[in-house]
Each structure stands twice: as C-alpha cells, then as structure tokens.
Amino acid sequence: SDPEILTTIEDSVMTGTKDVILFNIDSKSGETGERIVDILMRVFNEKRGYFPDVCWIAELEETLEEKGLYQKFKNAISDISAEPWEEVRTRYTFEQDDIIEALERCGFQSKESSERMFESDGQNYILTPEKFAQKIKKHCDLRGNDHQVIFLIDEIGQYIGDNSQLMLN
C-alpha cells in the first residue's frame, strides 16, 4: 500500500534488461548440503550456454569467448570429433585428446599447457562468493549499465532446513 515502495518496484522492473533465472534448488543441487554459491554458479553457467556440470570447463568456455576463440574452438572440436562441443564436453574426461588438439588449433594455448590443465582437472578452481559476484557484475557490465540478473530460487527453505551451515552460507 506504500506508493513509494510501489514506485521503486515498478522502476526496477521497467528499467534495463534482465536475465531471469528461475529454478528449484533441489533439482539443481548435486550433493546434499552443497554450497548455494556453487548451485548459483551452475545455473548461471547453464543460462549463458556454458557447461553447467563442471565449473572449470565453463570458465574455459568463458575465457575462450572473451578472447574471441570460442566459435573457432567449437568448429575445431566438430572437425576433429564429428560431434558438436555440447556433446563432447559431457564426456570431457574421455575426450581430452580431441579437446587439447582443438585448443591448440584455435590458438588458445599450447598442447603442453592444455595437458597440464586436464591433469589438474579443476583442482585449482576455487569459487568464492566474491568471485561469483564479480562474474555476475562482469556479465551485467557487458550487457549495458542497466542489465540485471535475477535469481528466483524455489524451495530454498526446504533445502536449508535446519542446517545452520547452509543458513549462514
């Protein structure tokens, strides 16, 4: 009933562009008690078309895109494996040779660097809430000053339950 609050809400809804990400947290969570920031990153990656299941692969895709090499990489993968990247990436542990060759062909990095990257298999990838916020900000900045990302999370209360760690998380 407060006209000032109503005006603020209307201004927020009517201003800029938006990515709205609506999901049920149980359907997107992996292990029980998974950090909420990890789930948010997974659905954000999925929204952008990146591999949602493995964050370091999604970050590789993001980096390739930032360098203008993503399409060239996807074309190389398709030429090498006769399958689209979106299929190959689901079996990335078994397709390393093809992926490494495609990374080298598109000019991303040397074969040796790619081999080391696969050897670590994401062990060096750490997602903090700060890093997540920076990724959201960068995404919004690339789409214009008034771009927003809105996460609508269904069943969050049930997911957290009595788990005080998740509540703090």
# chains A, B, ... in the order shown; residues from 1 in each chain; ligands from 1
>>> residues_around(residues="A:Asn75", least_positions_apart="6", cutoff="9 Å", atoms="only C-alpha atoms", output="list in words")
Pro84, Trp85, Ala102 and Cys106 of chain A
>>> residues_around(residues="A:Gln158", least_positions_apart="2", cutoff="12 Å", atoms="only C-alpha atoms", output="PDB file with C-alpha atoms, in the first residue's frame")
ATOM      1  CA  ASN A  24      14.056 -25.387  -7.986  1.00  0.00           C
ATOM      2  CA  ILE A  25      17.176 -25.685  -5.875  1.00  0.00           C
ATOM      3  CA  ASP A  26      16.707 -29.409  -5.189  1.00  0.00           C
ATOM      4  CA  GLY A  33      24.456 -29.731   1.593  1.00  0.00           C
ATOM      5  CA  ILE A 153      15.024 -19.890  -6.173  1.00  0.00           C
ATOM      6  CA  ASP A 154      12.156 -22.220  -5.371  1.00  0.00           C
ATOM      7  CA  GLU A 155      12.194 -24.421  -2.252  1.00  0.00           C
ATOM      8  CA  ILE A 156      15.205 -22.683  -0.665  1.00  0.00           C
ATOM      9  CA  ILE A 160      18.363 -25.189   4.005  1.00  0.00           C
ATOM     10  CA  GLY A 161      16.103 -26.847   6.563  1.00  0.00           C
ATOM     11  CA  ASP A 162      17.760 -26.958   9.978  1.00  0.00           C
ATOM     12  CA  ASN A 163      21.289 -26.925   8.558  1.00  0.00           C
ATOM     13  CA  LEU A 166      23.633 -23.704   4.841  1.00  0.00           C
ATOM     14  CA  MET A 167      21.731 -20.939   6.581  1.00  0.00           C
TER      15      MET A 167
END
>>> select_by_dssp(residues="stretch 1-140 of chain A", states="helix (DSSP H, G or I)", output="ChimeraX atom specification")
/A:3-14,25-28,36-48,55-66,70-81,85-91,96-105,111-120,129-140
>>> select_by_dssp(residues="chain A", states="strand (DSSP E)", output="VMD selection string")
chain A and resid 18 to 24 148 to 154
>>> atom_distance(atom1="atom CA of A:Ser113", atom2="atom CA of A:Lys67")
16.7 Å
>>> residues_around(residues="A:Gly122", least_positions_apart="2", cutoff="9 Å", atoms="only C-alpha atoms", output="number ranges by chain")
A: 54-57, 117-120, 124-126
>>> closest_residue(among="A:Thr8, A:Gln109, A:Asn169, A:Asn45", to="A:Thr128", atoms="only C-alpha atoms")
A:Asn169
>>> closest_residue(among="A:Glu34, A:Asp98, A:Glu130, A:Asp53", to="A:Glu115", atoms="only C-alpha atoms")
A:Asp98
>>> closest_residue(among="A:Ile100, A:Val37, A:Leu168, A:Ile5", to="A:Lys131", atoms="only C-alpha atoms")
A:Val37
>>> atom_distance(atom1="atom CA of A:Arg143", atom2="atom CA of A:Leu64")
18.0 Å
>>> residues_around(residues="A:Pro129", least_positions_apart="3", cutoff="9 Å", atoms="only C-alpha atoms", output="ChimeraX atom specification")
/A:37-38,132-134
